[in-house]
$ cat start07.tsv   # TSV, C-alpha atoms and all ligand atoms
chain	number	residue	atom	x	y	z
A	1	MET	CA	-19.73	8.24	-8.12
A	2	THR	CA	-17.89	6.57	-5.20
A	3	LYS	CA	-20.16	4.62	-2.81
A	4	HIS	CA	-19.03	3.18	0.52
A	5	GLU	CA	-19.91	0.68	3.23
A	6	PHE	CA	-18.32	0.06	6.62
A	7	ARG	CA	-17.47	-3.18	8.45
A	8	TYR	CA	-16.39	-3.52	12.08
A	9	ALA	CA	-13.91	-6.22	13.05
A	10	SER	CA	-15.23	-9.32	14.88
A	11	HIS	CA	-13.80	-11.19	17.84
A	12	PRO	CA	-13.17	-14.84	16.84
A	13	GLU	CA	-15.20	-16.14	19.79
A	14	ASP	CA	-18.17	-13.97	18.75
A	15	ALA	CA	-17.85	-15.05	15.13
A	16	ARG	CA	-18.26	-18.70	16.19
A	17	ALA	CA	-21.88	-17.89	17.02
A	18	TYR	CA	-22.66	-16.28	13.65
A	19	GLY	CA	-25.20	-18.02	11.45
A	20	THR	CA	-25.34	-17.81	7.67
A	21	GLU	CA	-26.84	-14.30	7.51
A	22	GLU	CA	-24.43	-12.81	10.05
A	23	LEU	CA	-21.40	-14.35	8.38
A	24	ARG	CA	-22.51	-12.92	5.05
A	25	LYS	CA	-23.34	-9.51	6.58
A	26	HIS	CA	-19.95	-9.14	8.27
A	27	PHE	CA	-17.55	-10.75	5.77
A	28	LEU	CA	-19.06	-11.02	2.27
A	29	MET	CA	-18.83	-8.22	-0.31
A	30	ASP	CA	-21.33	-9.11	-3.02
A	31	ASN	CA	-21.86	-5.78	-4.82
A	32	LEU	CA	-18.48	-4.70	-6.10
A	33	PHE	CA	-19.40	-3.81	-9.66
A	34	GLU	CA	-22.11	-1.33	-10.61
A	35	ASP	CA	-22.18	0.57	-13.91
A	36	ASP	CA	-20.36	3.93	-13.74
A	37	CYS	CA	-19.70	3.60	-10.00
A	38	ILE	CA	-16.93	2.76	-7.59
A	39	ASN	CA	-18.22	0.63	-4.70
A	40	LEU	CA	-15.96	0.43	-1.64
A	41	THR	CA	-16.07	-1.42	1.69
A	42	TYR	CA	-13.99	0.15	4.47
A	43	SER	CA	-13.12	-2.55	7.01
A	44	MET	CA	-11.60	-2.30	10.48
A	45	TYR	CA	-9.27	-5.18	9.61
A	46	ASP	CA	-6.07	-3.14	9.25
A	47	ARG	CA	-8.34	-0.41	7.80
A	48	TYR	CA	-8.24	-2.32	4.53
A	49	ILE	CA	-10.54	-1.16	1.74
A	50	VAL	CA	-11.95	-3.57	-0.85
A	51	GLY	CA	-13.86	-2.37	-3.89
A	52	GLY	CA	-14.58	-2.37	-7.56
A	53	ALA	CA	-14.78	0.19	-10.38
A	54	LYS	CA	-16.92	-0.40	-13.45
A	55	PRO	CA	-16.67	2.60	-15.79
A	56	ARG	CA	-18.97	2.07	-18.77
A	57	SER	CA	-20.66	5.13	-20.32
A	58	LYS	CA	-18.27	7.61	-18.65
A	59	ASP	CA	-14.99	8.02	-16.78
A	60	VAL	CA	-15.19	7.34	-13.04
A	61	VAL	CA	-12.98	9.12	-10.50
A	62	LEU	CA	-11.95	7.63	-7.16
A	63	GLU	CA	-13.35	10.11	-4.63
A	64	THR	CA	-12.43	10.42	-0.99
A	65	ILE	CA	-14.90	8.84	1.48
A	66	PRO	CA	-15.94	10.16	4.92
A	67	TYR	CA	-14.00	7.50	6.93
A	68	LEU	CA	-10.72	8.89	5.58
A	69	LYS	CA	-11.23	12.53	6.59
A	70	SER	CA	-8.71	13.45	3.90
A	71	GLU	CA	-9.04	15.70	0.89
A	72	ASN	CA	-7.97	13.02	-1.58
A	73	PHE	CA	-8.42	9.26	-1.31
A	74	LEU	CA	-4.67	8.60	-1.44
A	75	ASP	CA	-3.42	11.35	0.89
A	76	ARG	CA	-2.57	8.70	3.51
A	77	ARG	CA	-3.11	5.46	1.58
A	78	GLU	CA	-1.79	3.25	-1.18
A	79	LEU	CA	-3.85	1.43	-3.80
A	80	GLY	CA	-3.69	-1.79	-5.80
A	81	ILE	CA	-5.84	-2.28	-8.90
A	82	VAL	CA	-6.27	-5.52	-10.88
A	83	ASN	CA	-8.30	-5.59	-14.09
A	84	VAL	CA	-10.55	-8.67	-14.25
A	85	GLY	CA	-12.53	-7.62	-17.33
A	86	GLY	CA	-11.69	-6.47	-20.87
A	87	LYS	CA	-8.75	-4.21	-21.69
A	88	GLY	CA	-9.08	-0.86	-19.91
A	89	GLN	CA	-7.29	2.31	-18.90
A	90	VAL	CA	-6.53	3.99	-15.58
A	91	SER	CA	-5.18	7.50	-15.40
A	92	VAL	CA	-3.14	8.59	-12.37
A	93	ASP	CA	-2.57	12.37	-12.22
A	94	GLY	CA	-2.82	12.47	-16.01
A	95	THR	CA	-0.56	9.50	-16.85
A	96	VAL	CA	-2.56	6.78	-18.59
A	97	TYR	CA	-1.87	3.09	-17.88
A	98	GLU	CA	-3.33	0.36	-20.14
A	99	LEU	CA	-4.34	-2.72	-18.21
A	100	ASP	CA	-5.17	-6.02	-19.86
A	101	LYS	CA	-7.13	-8.66	-17.98
A	102	LYS	CA	-5.10	-9.87	-14.94
A	103	GLU	CA	-2.68	-6.94	-15.08
A	104	ALA	CA	-2.15	-4.76	-12.01
A	105	LEU	CA	-1.37	-1.17	-11.14
A	106	TYR	CA	0.13	-0.02	-7.85
A	107	VAL	CA	-0.62	3.63	-6.99
A	108	GLY	CA	1.46	5.21	-4.26
A	109	LYS	CA	0.43	7.55	-1.46
A	110	GLY	CA	-0.02	11.15	-2.55
A	111	ALA	CA	-1.55	10.65	-6.00
A	112	LYS	CA	-4.31	13.23	-6.36
A	113	GLU	CA	-6.49	11.82	-9.14
A	114	VAL	CA	-7.17	8.19	-10.00
A	115	LEU	CA	-9.55	7.98	-12.95
A	116	PHE	CA	-11.00	4.82	-14.50
A	117	LYS	CA	-11.66	5.44	-18.20
A	118	GLY	CA	-15.11	4.64	-19.51
A	119	GLY	CA	-16.03	3.08	-22.85
A	120	SER	CA	-14.55	-0.39	-22.27
A	121	GLU	CA	-15.52	-3.73	-20.74
A	122	ALA	CA	-12.91	-3.41	-17.99
A	123	LEU	CA	-13.66	-4.39	-14.38
A	124	PHE	CA	-11.19	-2.98	-11.90
A	125	TYR	CA	-10.85	-4.75	-8.55
A	126	ILE	CA	-9.42	-2.41	-5.90
A	127	ASN	CA	-7.62	-2.92	-2.57
A	128	SER	CA	-6.21	-0.12	-0.42
A	129	ALA	CA	-4.32	0.12	2.88
A	130	PRO	CA	-3.00	3.01	4.98
A	131	ALA	CA	0.49	4.13	3.91
A	132	HIS	CA	3.22	6.14	5.65
A	133	LYS	CA	5.48	6.72	2.66
A	134	SER	CA	5.05	7.50	-1.01
A	135	PHE	CA	6.33	4.87	-3.45
A	136	PRO	CA	6.20	5.31	-7.24
A	137	THR	CA	3.12	4.24	-9.16
A	138	LYS	CA	3.95	1.14	-11.20
A	139	LYS	CA	2.16	-1.14	-13.63
A	140	VAL	CA	2.73	-4.85	-13.11
A	141	GLY	CA	2.08	-6.65	-16.39
A	142	LYS	CA	1.82	-10.39	-16.94
A	143	GLU	CA	5.51	-10.49	-17.86
A	144	ASN	CA	6.47	-8.99	-14.48
A	145	ALA	CA	4.56	-11.50	-12.36
A	146	GLU	CA	6.40	-13.99	-10.17
A	147	VAL	CA	4.80	-17.32	-11.00
A	148	ILE	CA	4.71	-20.30	-8.63
A	149	ASN	CA	3.17	-23.69	-9.38
A	150	LEU	CA	1.39	-25.10	-6.36
A	151	GLY	CA	-0.56	-28.22	-5.40
A	152	ASP	CA	-1.16	-31.56	-7.05
A	153	ALA	CA	-4.02	-32.90	-9.20
A	154	LYS	CA	-4.13	-35.90	-6.85
A	155	TYR	CA	-5.38	-33.53	-4.13
A	156	ALA	CA	-7.51	-31.44	-6.54
A	157	ASN	CA	-5.48	-28.31	-5.65
A	158	LYS	CA	-3.14	-27.79	-8.64
A	159	ARG	CA	-2.95	-24.04	-9.17
A	160	ILE	CA	-0.79	-21.24	-10.52
A	161	LEU	CA	0.01	-18.41	-8.15
A	162	ASN	CA	0.98	-15.08	-9.71
A	163	LYS	CA	2.57	-12.60	-7.33
A	164	LEU	CA	1.86	-9.11	-8.68
A	165	ILE	CA	2.07	-6.42	-6.02
A	166	VAL	CA	4.73	-7.90	-3.71
A	167	ASN	CA	7.88	-6.20	-2.51
A	168	SER	CA	10.23	-8.12	-4.85
A	169	ILE	CA	8.33	-6.51	-7.79
A	170	VAL	CA	7.02	-3.20	-6.48
A	171	GLU	CA	7.78	-1.29	-3.29
A	172	THR	CA	4.74	-0.82	-1.04
A	173	CYS	CA	4.13	0.13	2.58
A	174	GLN	CA	1.72	-2.69	3.50
A	175	LEU	CA	-0.12	-3.89	0.44
A	176	GLN	CA	0.44	-7.28	-1.22
A	177	MET	CA	-1.74	-8.64	-4.04
A	178	GLY	CA	-1.71	-11.46	-6.55
A	179	ILE	CA	-3.82	-13.86	-8.59
A	180	THR	CA	-4.15	-17.61	-8.10
A	181	GLU	CA	-5.63	-19.66	-10.97
A	182	LEU	CA	-7.00	-23.15	-10.38
A	183	VAL	CA	-6.04	-25.54	-13.17
A	184	GLU	CA	-9.05	-27.21	-14.84
A	185	GLY	CA	-10.24	-30.21	-12.86
A	186	ASN	CA	-8.85	-28.75	-9.60
A	187	VAL	CA	-11.06	-27.04	-7.06
A	188	TRP	CA	-9.25	-26.49	-3.73
A	189	ASN	CA	-7.39	-23.27	-3.05
A	190	THR	CA	-5.07	-22.67	-0.13
A	191	MET	CA	-5.24	-26.22	1.10
A	192	PRO	CA	-3.38	-26.94	3.37
A	193	ALA	CA	-4.96	-23.84	4.90
A	194	HIS	CA	-3.15	-21.23	6.96
A	195	THR	CA	-3.59	-18.19	9.16
A	196	HIS	CA	-1.26	-15.21	9.63
A	197	GLU	CA	-2.01	-13.19	12.78
A	198	ARG	CA	0.33	-10.53	11.41
A	199	ARG	CA	-1.87	-9.74	8.40
A	200	MET	CA	-5.52	-9.67	7.40
A	201	GLU	CA	-6.48	-10.84	3.92
A	202	ALA	CA	-9.29	-10.47	1.38
A	203	TYR	CA	-10.16	-12.94	-1.39
A	204	PHE	CA	-12.01	-11.99	-4.58
A	205	TYR	CA	-13.29	-14.88	-6.69
A	206	PHE	CA	-13.62	-14.41	-10.46
A	207	ASP	CA	-13.83	-16.44	-13.67
A	208	VAL	CA	-16.32	-18.69	-11.86
A	209	GLU	CA	-18.42	-20.33	-14.58
A	210	GLU	CA	-22.06	-19.24	-14.68
A	211	GLY	CA	-24.22	-21.42	-12.44
A	212	GLN	CA	-21.24	-22.67	-10.42
A	213	THR	CA	-20.09	-21.59	-6.95
A	214	VAL	CA	-17.14	-21.48	-4.58
A	215	CYS	CA	-17.48	-22.52	-0.95
A	216	HIS	CA	-15.09	-20.32	1.03
A	217	PHE	CA	-13.92	-21.63	4.40
A	218	MET	CA	-13.12	-19.22	7.21
A	219	GLY	CA	-12.83	-19.16	10.99
A	220	GLN	CA	-10.20	-20.34	13.44
A	221	PRO	CA	-8.75	-23.68	12.27
A	222	GLN	CA	-10.56	-25.54	15.08
A	223	HIS	CA	-13.89	-23.72	14.48
A	224	THR	CA	-14.38	-23.36	10.73
A	225	ARG	CA	-17.43	-21.85	9.01
A	226	HIS	CA	-18.27	-21.45	5.32
A	227	ILE	CA	-19.74	-18.88	2.94
A	228	PHE	CA	-20.80	-19.64	-0.64
A	229	LEU	CA	-19.59	-17.03	-3.13
A	230	GLU	CA	-20.60	-16.35	-6.70
A	231	ASN	CA	-18.53	-14.90	-9.51
A	232	ASN	CA	-17.04	-11.43	-8.78
A	233	GLN	CA	-17.67	-11.52	-5.04
A	234	ALA	CA	-15.14	-10.94	-2.27
A	235	VAL	CA	-14.75	-11.99	1.34
A	236	LEU	CA	-12.82	-10.51	4.28
A	237	SER	CA	-10.47	-12.79	6.16
A	238	PRO	CA	-9.63	-11.59	9.69
A	239	GLU	CA	-6.10	-12.19	10.96
A	240	TRP	CA	-7.39	-15.14	13.06
A	241	SER	CA	-9.13	-16.88	10.17
A	242	ILE	CA	-8.17	-19.47	7.63
A	243	HIS	CA	-9.03	-18.53	4.04
A	244	SER	CA	-9.46	-21.47	1.73
A	245	GLY	CA	-12.07	-22.53	-0.76
A	246	SER	CA	-13.42	-25.34	-2.86
A	247	GLY	CA	-15.43	-24.82	-6.03
A	248	THR	CA	-17.91	-26.80	-8.06
A	249	THR	CA	-15.57	-25.84	-10.93
A	250	ASN	CA	-12.12	-24.38	-11.28
A	251	TYR	CA	-11.87	-20.57	-10.92
A	252	SER	CA	-9.40	-17.79	-10.17
A	253	PHE	CA	-9.10	-15.46	-7.22
A	254	ILE	CA	-7.23	-12.36	-6.16
A	255	TRP	CA	-5.67	-12.34	-2.73
A	256	GLY	CA	-4.77	-9.04	-1.11
A	257	MET	CA	-3.42	-8.36	2.33
A	258	ALA	CA	-1.93	-5.81	4.70
A	259	GLY	CA	-0.69	-5.62	8.26
A	260	GLU	CA	2.46	-6.05	10.27
A	261	ASN	CA	4.89	-7.30	7.64
A	262	LEU	CA	5.49	-7.74	3.91
A	263	ASP	CA	6.62	-11.35	4.17
A	264	TYR	CA	4.39	-13.37	1.83
A	265	GLY	CA	5.76	-16.62	3.29
A	266	ASP	CA	4.86	-15.72	6.89
A	267	MET	CA	2.02	-18.23	7.41
A	268	ASP	CA	1.01	-20.64	10.15
A	269	THR	CA	-0.03	-23.68	8.16
A	270	CYS	CA	-2.43	-26.31	9.46
A	271	SER	CA	-2.63	-29.74	7.92
A	272	PRO	CA	-6.02	-30.75	6.47
A	273	ASN	CA	-6.75	-33.23	9.26
A	274	GLN	CA	-6.20	-30.57	11.97
A	275	LEU	CA	-9.22	-28.58	10.74
A	276	ARG	CA	-12.50	-28.78	12.62
B	301	LIG	O1	-3.63	-20.68	-3.53
B	301	LIG	C1	-3.05	-20.29	-2.52
B	301	LIG	O2	-2.50	-21.05	-1.69
B	301	LIG	C2	-3.03	-18.84	-2.30
B	301	LIG	O3	-3.25	-18.10	-3.22
B	301	LIG	C3	-2.76	-18.35	-0.93
B	301	LIG	C4	-2.81	-16.83	-0.80
B	301	LIG	O4	-1.88	-16.26	-1.62
B	301	LIG	C5	-2.62	-16.45	0.63
B	301	LIG	O5	-3.44	-16.81	1.44
B	301	LIG	C6	-1.46	-15.66	1.01
B	301	LIG	O6	-1.41	-15.47	2.41
B	302	ZN	ZN	-3.10	-16.07	3.52
$ encode --input "start07.tsv" --output "structure tokens" --more "lines below"
Ligand SMILES: O=C(O)C(=O)C[C@H](O)C(=O)CO
Ligand SMILES: [Zn+2]
Amino acid sequence: MTKHEFRYASHPEDARAYGTEELRKHFLMDNLFEDDCINLTYSMYDRYIVGGAKPRSKDVVLETIPYLKSENFLDRRELGIVNVGGKGQVSVDGTVYELDKKEALYVGKGAKEVLFKGGSEALFYINSAPAHKSFPTKKVGKENAEVINLGDAKYANKRILNKLIVNSIVETCQLQMGITELVEGNVWNTMPAHTHERRMEAYFYFDVEEGQTVCHFMGQPQHTRHIFLENNQAVLSPEWSIHSGSGTTNYSFIWGMAGENLDYGDMDTCSPNQLR
């Protein structure tokens, strides 16, 4: 069963007035994984879809949702999947792909059936963006990732960034996805923070130790707000917003984005002491 929610986009000046509940209502996605379901949030930020598939006692098929007005989910879209649970399988039009934890699958526009195989402990995190062209479906294993070491233990932000679905590895129309892993003893991601008016972004936090939390910072650099996230929760980052976080432990997160360009390095960075 494929369930869906809808989120409008917010003007940054309106978002400044949001309190805790409104911030959570508009930006947080806290119910991604439900047994034998696919839970999707369709956002008006670049019409990006964020979701999760948790097949357990049966196979689960990605169904079209009313906002698409298309016969199949991928008639006019592309899809990125990252497994954050135990080893699992995804079948695309009958071809089966094995995904270990932290491995990704890109599915191009035009695929008719995406099926998440039941009977495993897999948890599939999903991002999707509109697509104008069909690129081949491709698995991106750990060995294919582009790995970058970032940060410094002195600033508590030492982390390993794994580019997975980026155009140097797999051709896509808009979608870019990857995993950043905080090294033990480090807690700050994406600090110095940045915005990119050309692209929206979504962050999904996982491998957060039980009982711990991540404080995600958002908002315009001069008007920041925060949302606390638990394990396996995601947050939308509008094009005008920073997206950075600090945990009470180290953790990992998946970043995914879409918009005007495919240039990962296109960021407007702000130094920590410029933030308000
Ligand atoms: O740790 C980081 O820094 C990131 O992972 C940054 C994200 O990849 C990002 O925000 C890309 O725009
Ligand atoms: Zn970013």
$ closest_residue --input "start07.tsv" --among "A:Thr190, A:Ser244, A:Thr213, A:Thr195" --to "Arg225 in chain A" --atoms "only C-alpha atoms"
A:Ser244
$ residues_around --input "start07.tsv" --residues "Val214 in chain A" --least-positions-apart "2" --cutoff "9 Å" --atoms "only C-alpha atoms" --output "NGL selection string"
:A and (187 or 205 or 208 or 212 or 216 or 227-231 or 245-251)
$ residues_around --input "start07.tsv" --residues "range 45-56 of chain A" --least-positions-apart "2" --cutoff "9 Å" --atoms "all atoms listed in the file" --output "PyMOL selection string"
chain A and resi 2+4+7-10+29+31-43+58-60+62+81+116-130+199-202+234+236-239+257-259
$ atom_distance --input "start07.tsv" --atom1 "atom O1 of ligand LIG 301 (chain B)" --atom2 "CA of Thr180 in chain A"
5.5 Å
$ residues_near_ligand --input "start07.tsv" --ligand "ligand LIG 301 (chain B)" --cutoff "10 Å" --atoms "all atoms listed in the file" --output "VMD selection string"
chain A and resid 148 to 151 157 to 163 176 to 182 188 to 196 199 to 203 237 242 to 245 252 to 258 263 to 268
$ closest_residue --input "start07.tsv" --among "A:Lys154, A:Arg276, A:His226, A:Arg198" --to "ligand ZN 302 (chain B)" --atoms "only C-alpha atoms and all ligand atoms"
A:Arg198
$ decode --input "start07.tsv" --residues "range 186-209 of chain A" --atoms "N, CA and C atoms" --output "short mmCIF file (atom, residue, chain, number, x, y, z; two decimals), in the first residue's frame"
data_model
loop_
_atom_site.label_atom_id
_atom_site.label_comp_id
_atom_site.auth_asym_id
_atom_site.auth_seq_id
_atom_site.Cartn_x
_atom_site.Cartn_y
_atom_site.Cartn_z
N ASN A 186 32.21 13.24 16.98
CA ASN A 186 31.89 14.45 16.21
C ASN A 186 30.38 14.55 16.06
N VAL A 187 29.87 15.76 16.09
CA VAL A 187 28.41 15.92 16.14
C VAL A 187 27.84 16.90 15.11
N TRP A 188 28.66 17.80 14.57
CA TRP A 188 28.15 18.86 13.68
C TRP A 188 28.20 18.44 12.23
N ASN A 189 27.06 18.47 11.56
CA ASN A 189 27.09 18.29 10.10
C ASN A 189 26.91 19.65 9.42
N THR A 190 27.47 19.72 8.24
CA THR A 190 27.28 20.87 7.35
C THR A 190 27.53 22.20 8.07
N MET A 191 28.61 22.21 8.78
CA MET A 191 29.04 23.43 9.47
C MET A 191 30.48 23.67 9.05
N PRO A 192 30.84 24.79 8.41
CA PRO A 192 30.00 25.92 8.06
C PRO A 192 28.77 25.52 7.24
N ALA A 193 27.67 26.22 7.53
CA ALA A 193 26.39 25.94 6.85
C ALA A 193 26.37 26.62 5.48
N HIS A 194 25.38 26.24 4.70
CA HIS A 194 25.22 26.88 3.38
C HIS A 194 23.75 26.89 2.96
N THR A 195 23.48 27.69 1.95
CA THR A 195 22.20 27.61 1.24
C THR A 195 22.55 27.38 -0.23
N HIS A 196 21.55 27.03 -1.02
CA HIS A 196 21.70 27.00 -2.49
C HIS A 196 20.32 27.30 -3.06
N GLU A 197 20.11 28.57 -3.45
CA GLU A 197 18.80 29.00 -3.97
C GLU A 197 18.42 28.19 -5.20
N ARG A 198 19.41 27.58 -5.84
CA ARG A 198 19.13 26.82 -7.07
C ARG A 198 18.52 25.46 -6.79
N ARG A 199 18.66 24.97 -5.56
CA ARG A 199 18.15 23.61 -5.28
C ARG A 199 17.55 23.55 -3.88
N MET A 200 16.48 22.76 -3.76
CA MET A 200 15.97 22.41 -2.43
C MET A 200 16.76 21.21 -1.94
N GLU A 201 16.57 20.84 -0.68
CA GLU A 201 17.26 19.65 -0.17
C GLU A 201 16.40 18.99 0.91
N ALA A 202 16.61 17.69 1.10
CA ALA A 202 15.98 16.99 2.23
C ALA A 202 17.06 16.19 2.94
N TYR A 203 17.00 16.20 4.28
CA TYR A 203 17.94 15.41 5.09
C TYR A 203 17.15 14.32 5.81
N PHE A 204 17.75 13.13 5.85
CA PHE A 204 17.15 11.98 6.56
C PHE A 204 18.21 11.48 7.55
N TYR A 205 17.91 11.56 8.84
CA TYR A 205 18.88 11.15 9.85
C TYR A 205 18.66 9.70 10.23
N PHE A 206 19.75 8.91 10.26
CA PHE A 206 19.64 7.50 10.65
C PHE A 206 20.89 7.09 11.43
N ASP A 207 20.84 5.87 11.96
CA ASP A 207 21.91 5.39 12.85
C ASP A 207 22.13 6.37 14.00
N VAL A 208 21.02 6.94 14.49
CA VAL A 208 21.06 7.78 15.70
C VAL A 208 20.81 6.82 16.86
N GLU A 209 21.74 6.77 17.80
CA GLU A 209 21.62 5.83 18.92
C GLU A 209 20.31 6.06 19.69
#
